[in-house]
Amino acid sequence: ARGDWPTRTWTLSPAKPLVALELLSAMGHGQVGHNPIPVNAAINAGSGNVSVVSKNAQIYGASGDITTTGGTIDIQTTLALADVTMEAGTVLQTNAGNIRVAASSTGTLTLGLLDARSSTDRGTGLTSGQSSWGSVSLSSVGGSILGSSNAGVDVYAKALKLTASGAGAVGAGSNHLMTEVSTISANAGSAGLFLTDATAISVGQTAAIAASRV
């Protein structure tokens with residue numbers, strides 16, 4: 001980008017979607033061009049859907065949280081080697097809405113916290129309503145899906161669909177992907193699958209996990 005992106009919080013009125021695209025003007029600071037997109041301030045979508053779509057890498061700082069109380073979250077990069085990188089303190093949070101994060105070919109996903117619980121269960125810390133939580137899809141063809149550096153859970157969801165085919169890995173031997181999910185399906189590459197769930201988990205088919213592209 002030409003110049004620095006301003007630091008600010010985006011707050012959307014209820015039911016209004018947010019879409020951040022590479023070709024959009026960066027609030028008077030020029031177009032994003034071929035540089036990574038930094039997200040260093042919170043995006044509050046109200047009850048709307050959020051899509052952040054770019055050709056190049058996306059980097060989420062510890063304060064670059066995305067929240068919605070009634071919609072879904074959809075993040076995608078499209079060029080080869082375009083990573084999606086979150087700091088350990090980054091939070092993507094819905095109220096039982098789905099979350100989908102997809103890196104382009106050979107791009108790596110590095111997670112913060114992806115939380116698709118209901119607001120009620122998030123408040124109580126219980127899993128009794130897990131069947132009503134949102135689901136999460138994480139994918140990279142040829143890249144890896146890596147958990148955060150925190151010791152706690154990386155993904156809260158009803159179902160988790162993992163795709164890191166080719167030479168990719170899910171988690172690492174020294175840093176498992178930490179989950180609290182009911183059902184999981186995984187297509188891991190030659191580098192292996194390293195995952196630990198907080199309670200009990202079933203391995204089986206997961207349907208396509210939809211997120212509203214806006």
# chains A, B, ... in the order shown; residues from 1 in each chain; ligands from 1

$ residues_around --residues "region 185-194 of chain A" --least-positions-apart "5" --cutoff "12 Å" --atoms "only C-alpha atoms" --output "ChimeraX atom specification"
/A:106,135-147,158-179,201-209

$ residues_around --residues "region 93-97 of chain A" --least-positions-apart "4" --cutoff "12 Å" --atoms "only C-alpha atoms" --output "ChimeraX atom specification"
/A:42-50,64-74,112-123,129-137,154-159,209-212

$ residues_around --residues "Ala57 (chain A)" --least-positions-apart "3" --cutoff "10 Å" --atoms "only C-alpha atoms" --output "PyMOL selection string"
chain A and resi 34-38+53-54+76-85+103-104+107-108

$ atom_distance --atom1 "CA of Thr90 (chain A)" --atom2 "CA of Val52 (chain A)"
14.9 Å

$ select_by_dssp --residues "region 14-204 of chain A" --states "helix (DSSP H, G or I)" --output "list in words"
Ser119, Thr120, Asp121, Arg122, Gly123, Thr124, Gln130, Ser131 and Ser132 of chain A

$ write_last_selection --atoms "N, CA, C and O atoms" --output "tab-separated table (two decimals), in the first residue's frame"
chain	number	residue	atom	x	y	z
A	119	SER	N	-23.39	-17.25	21.81
A	119	SER	CA	-23.05	-16.29	22.86
A	119	SER	C	-23.37	-16.86	24.24
A	119	SER	O	-22.65	-16.63	25.21
A	120	THR	N	-24.45	-17.64	24.32
A	120	THR	CA	-24.83	-18.24	25.61
A	120	THR	C	-23.78	-19.20	26.10
A	120	THR	O	-23.33	-19.12	27.26
A	121	ASP	N	-23.35	-20.13	25.25
A	121	ASP	CA	-22.36	-21.11	25.68
A	121	ASP	C	-20.99	-20.47	25.90
A	121	ASP	O	-20.20	-20.92	26.73
A	122	ARG	N	-20.71	-19.43	25.15
A	122	ARG	CA	-19.45	-18.72	25.37
A	122	ARG	C	-19.44	-18.09	26.76
A	122	ARG	O	-18.42	-18.08	27.45
A	123	GLY	N	-20.60	-17.57	27.17
A	123	GLY	CA	-20.70	-16.93	28.48
A	123	GLY	C	-20.61	-17.92	29.62
A	123	GLY	O	-20.00	-17.63	30.65
A	124	THR	N	-21.19	-19.11	29.44
A	124	THR	CA	-21.19	-20.10	30.52
A	124	THR	C	-19.96	-21.00	30.49
A	124	THR	O	-19.64	-21.63	31.50
A	130	GLN	N	-23.51	-27.49	21.93
A	130	GLN	CA	-22.56	-27.56	20.81
A	130	GLN	C	-23.21	-27.92	19.48
A	130	GLN	O	-22.75	-27.49	18.42
A	131	SER	N	-24.29	-28.68	19.52
A	131	SER	CA	-24.97	-29.07	18.28
A	131	SER	C	-25.57	-27.88	17.55
A	131	SER	O	-25.93	-27.98	16.37
A	132	SER	N	-25.67	-26.75	18.23
A	132	SER	CA	-26.22	-25.54	17.62
A	132	SER	C	-25.15	-24.50	17.30
A	132	SER	O	-25.48	-23.41	16.83

$ decode --residues "region 147-158 of chain A" --atoms "all heavy atoms" --output "PDB file, in the first residue's frame"
ATOM      1  N   GLY A 147      -1.769 -24.026  14.372  1.00  0.00           N
ATOM      2  CA  GLY A 147      -2.427 -23.454  15.539  1.00  0.00           C
ATOM      3  C   GLY A 147      -1.665 -22.255  16.080  1.00  0.00           C
ATOM      4  O   GLY A 147      -0.542 -21.961  15.666  1.00  0.00           O
ATOM      5  N   SER A 148      -2.286 -21.568  17.017  1.00  0.00           N
ATOM      6  CA  SER A 148      -1.650 -20.403  17.628  1.00  0.00           C
ATOM      7  C   SER A 148      -0.583 -20.861  18.613  1.00  0.00           C
ATOM      8  O   SER A 148      -0.472 -22.041  18.953  1.00  0.00           O
ATOM      9  CB  SER A 148      -2.694 -19.552  18.355  1.00  0.00           C
ATOM     10  OG  SER A 148      -3.066 -20.168  19.581  1.00  0.00           O
ATOM     11  N   SER A 149       0.186 -19.902  19.081  1.00  0.00           N
ATOM     12  CA  SER A 149       1.225 -20.195  20.072  1.00  0.00           C
ATOM     13  C   SER A 149       0.663 -20.286  21.481  1.00  0.00           C
ATOM     14  O   SER A 149       1.388 -20.637  22.415  1.00  0.00           O
ATOM     15  CB  SER A 149       2.322 -19.120  20.014  1.00  0.00           C
ATOM     16  OG  SER A 149       1.769 -17.834  20.254  1.00  0.00           O
ATOM     17  N   ASN A 150      -0.632 -19.956  21.649  1.00  0.00           N
ATOM     18  CA  ASN A 150      -1.258 -20.080  22.957  1.00  0.00           C
ATOM     19  C   ASN A 150      -1.480 -21.552  23.312  1.00  0.00           C
ATOM     20  O   ASN A 150      -1.606 -22.406  22.431  1.00  0.00           O
ATOM     21  CB  ASN A 150      -2.609 -19.359  22.986  1.00  0.00           C
ATOM     22  CG  ASN A 150      -2.450 -17.855  22.987  1.00  0.00           C
ATOM     23  OD1 ASN A 150      -1.407 -17.337  23.389  1.00  0.00           O
ATOM     24  ND2 ASN A 150      -3.469 -17.152  22.532  1.00  0.00           N
ATOM     25  N   ALA A 151      -1.567 -21.827  24.610  1.00  0.00           N
ATOM     26  CA  ALA A 151      -1.773 -23.210  25.059  1.00  0.00           C
ATOM     27  C   ALA A 151      -3.233 -23.634  24.985  1.00  0.00           C
ATOM     28  O   ALA A 151      -3.538 -24.819  25.056  1.00  0.00           O
ATOM     29  CB  ALA A 151      -1.266 -23.369  26.493  1.00  0.00           C
ATOM     30  N   GLY A 152      -4.152 -22.687  24.820  1.00  0.00           N
ATOM     31  CA  GLY A 152      -5.570 -23.001  24.858  1.00  0.00           C
ATOM     32  C   GLY A 152      -6.129 -23.438  23.519  1.00  0.00           C
ATOM     33  O   GLY A 152      -5.401 -23.692  22.553  1.00  0.00           O
ATOM     34  N   VAL A 153      -7.462 -23.496  23.443  1.00  0.00           N
ATOM     35  CA  VAL A 153      -8.173 -23.946  22.252  1.00  0.00           C
ATOM     36  C   VAL A 153      -8.003 -22.936  21.117  1.00  0.00           C
ATOM     37  O   VAL A 153      -8.083 -21.724  21.321  1.00  0.00           O
ATOM     38  CB  VAL A 153      -9.665 -24.150  22.579  1.00  0.00           C
ATOM     39  CG1 VAL A 153     -10.485 -24.399  21.318  1.00  0.00           C
ATOM     40  CG2 VAL A 153      -9.843 -25.307  23.568  1.00  0.00           C
ATOM     41  N   ASP A 154      -7.787 -23.458  19.902  1.00  0.00           N
ATOM     42  CA  ASP A 154      -7.678 -22.621  18.707  1.00  0.00           C
ATOM     43  C   ASP A 154      -9.016 -22.498  17.976  1.00  0.00           C
ATOM     44  O   ASP A 154      -9.278 -21.470  17.355  1.00  0.00           O
ATOM     45  CB  ASP A 154      -6.657 -23.210  17.728  1.00  0.00           C
ATOM     46  CG  ASP A 154      -5.272 -23.332  18.315  1.00  0.00           C
ATOM     47  OD1 ASP A 154      -4.796 -22.363  18.927  1.00  0.00           O
ATOM     48  OD2 ASP A 154      -4.665 -24.408  18.170  1.00  0.00           O
ATOM     49  N   VAL A 155      -9.841 -23.562  18.006  1.00  0.00           N
ATOM     50  CA  VAL A 155     -11.089 -23.581  17.245  1.00  0.00           C
ATOM     51  C   VAL A 155     -12.212 -24.148  18.106  1.00  0.00           C
ATOM     52  O   VAL A 155     -12.118 -25.280  18.599  1.00  0.00           O
ATOM     53  CB  VAL A 155     -10.972 -24.438  15.971  1.00  0.00           C
ATOM     54  CG1 VAL A 155     -12.296 -24.430  15.209  1.00  0.00           C
ATOM     55  CG2 VAL A 155      -9.842 -23.941  15.074  1.00  0.00           C
ATOM     56  N   TYR A 156     -13.276 -23.362  18.279  1.00  0.00           N
ATOM     57  CA  TYR A 156     -14.533 -23.836  18.876  1.00  0.00           C
ATOM     58  C   TYR A 156     -15.562 -23.937  17.758  1.00  0.00           C
ATOM     59  O   TYR A 156     -15.831 -22.952  17.057  1.00  0.00           O
ATOM     60  CB  TYR A 156     -15.062 -22.852  19.915  1.00  0.00           C
ATOM     61  CG  TYR A 156     -14.294 -22.769  21.203  1.00  0.00           C
ATOM     62  CD1 TYR A 156     -13.326 -21.792  21.396  1.00  0.00           C
ATOM     63  CD2 TYR A 156     -14.559 -23.647  22.256  1.00  0.00           C
ATOM     64  CE1 TYR A 156     -12.629 -21.696  22.595  1.00  0.00           C
ATOM     65  CE2 TYR A 156     -13.868 -23.558  23.460  1.00  0.00           C
ATOM     66  CZ  TYR A 156     -12.904 -22.579  23.620  1.00  0.00           C
ATOM     67  OH  TYR A 156     -12.214 -22.489  24.813  1.00  0.00           O
ATOM     68  N   ALA A 157     -16.162 -25.124  17.576  1.00  0.00           N
ATOM     69  CA  ALA A 157     -17.127 -25.287  16.502  1.00  0.00           C
ATOM     70  C   ALA A 157     -17.951 -26.546  16.699  1.00  0.00           C
ATOM     71  O   ALA A 157     -17.583 -27.436  17.475  1.00  0.00           O
ATOM     72  CB  ALA A 157     -16.416 -25.358  15.148  1.00  0.00           C
ATOM     73  N   LYS A 158     -19.062 -26.628  15.968  1.00  0.00           N
ATOM     74  CA  LYS A 158     -19.826 -27.876  15.899  1.00  0.00           C
ATOM     75  C   LYS A 158     -19.067 -28.866  15.030  1.00  0.00           C
ATOM     76  O   LYS A 158     -18.755 -29.979  15.451  1.00  0.00           O
ATOM     77  CB  LYS A 158     -21.214 -27.600  15.326  1.00  0.00           C
ATOM     78  CG  LYS A 158     -22.037 -28.857  15.084  1.00  0.00           C
ATOM     79  CD  LYS A 158     -23.439 -28.514  14.595  1.00  0.00           C
ATOM     80  CE  LYS A 158     -23.437 -27.834  13.248  1.00  0.00           C
ATOM     81  NZ  LYS A 158     -24.810 -27.562  12.754  1.00  0.00           N
TER      82      LYS A 158
END
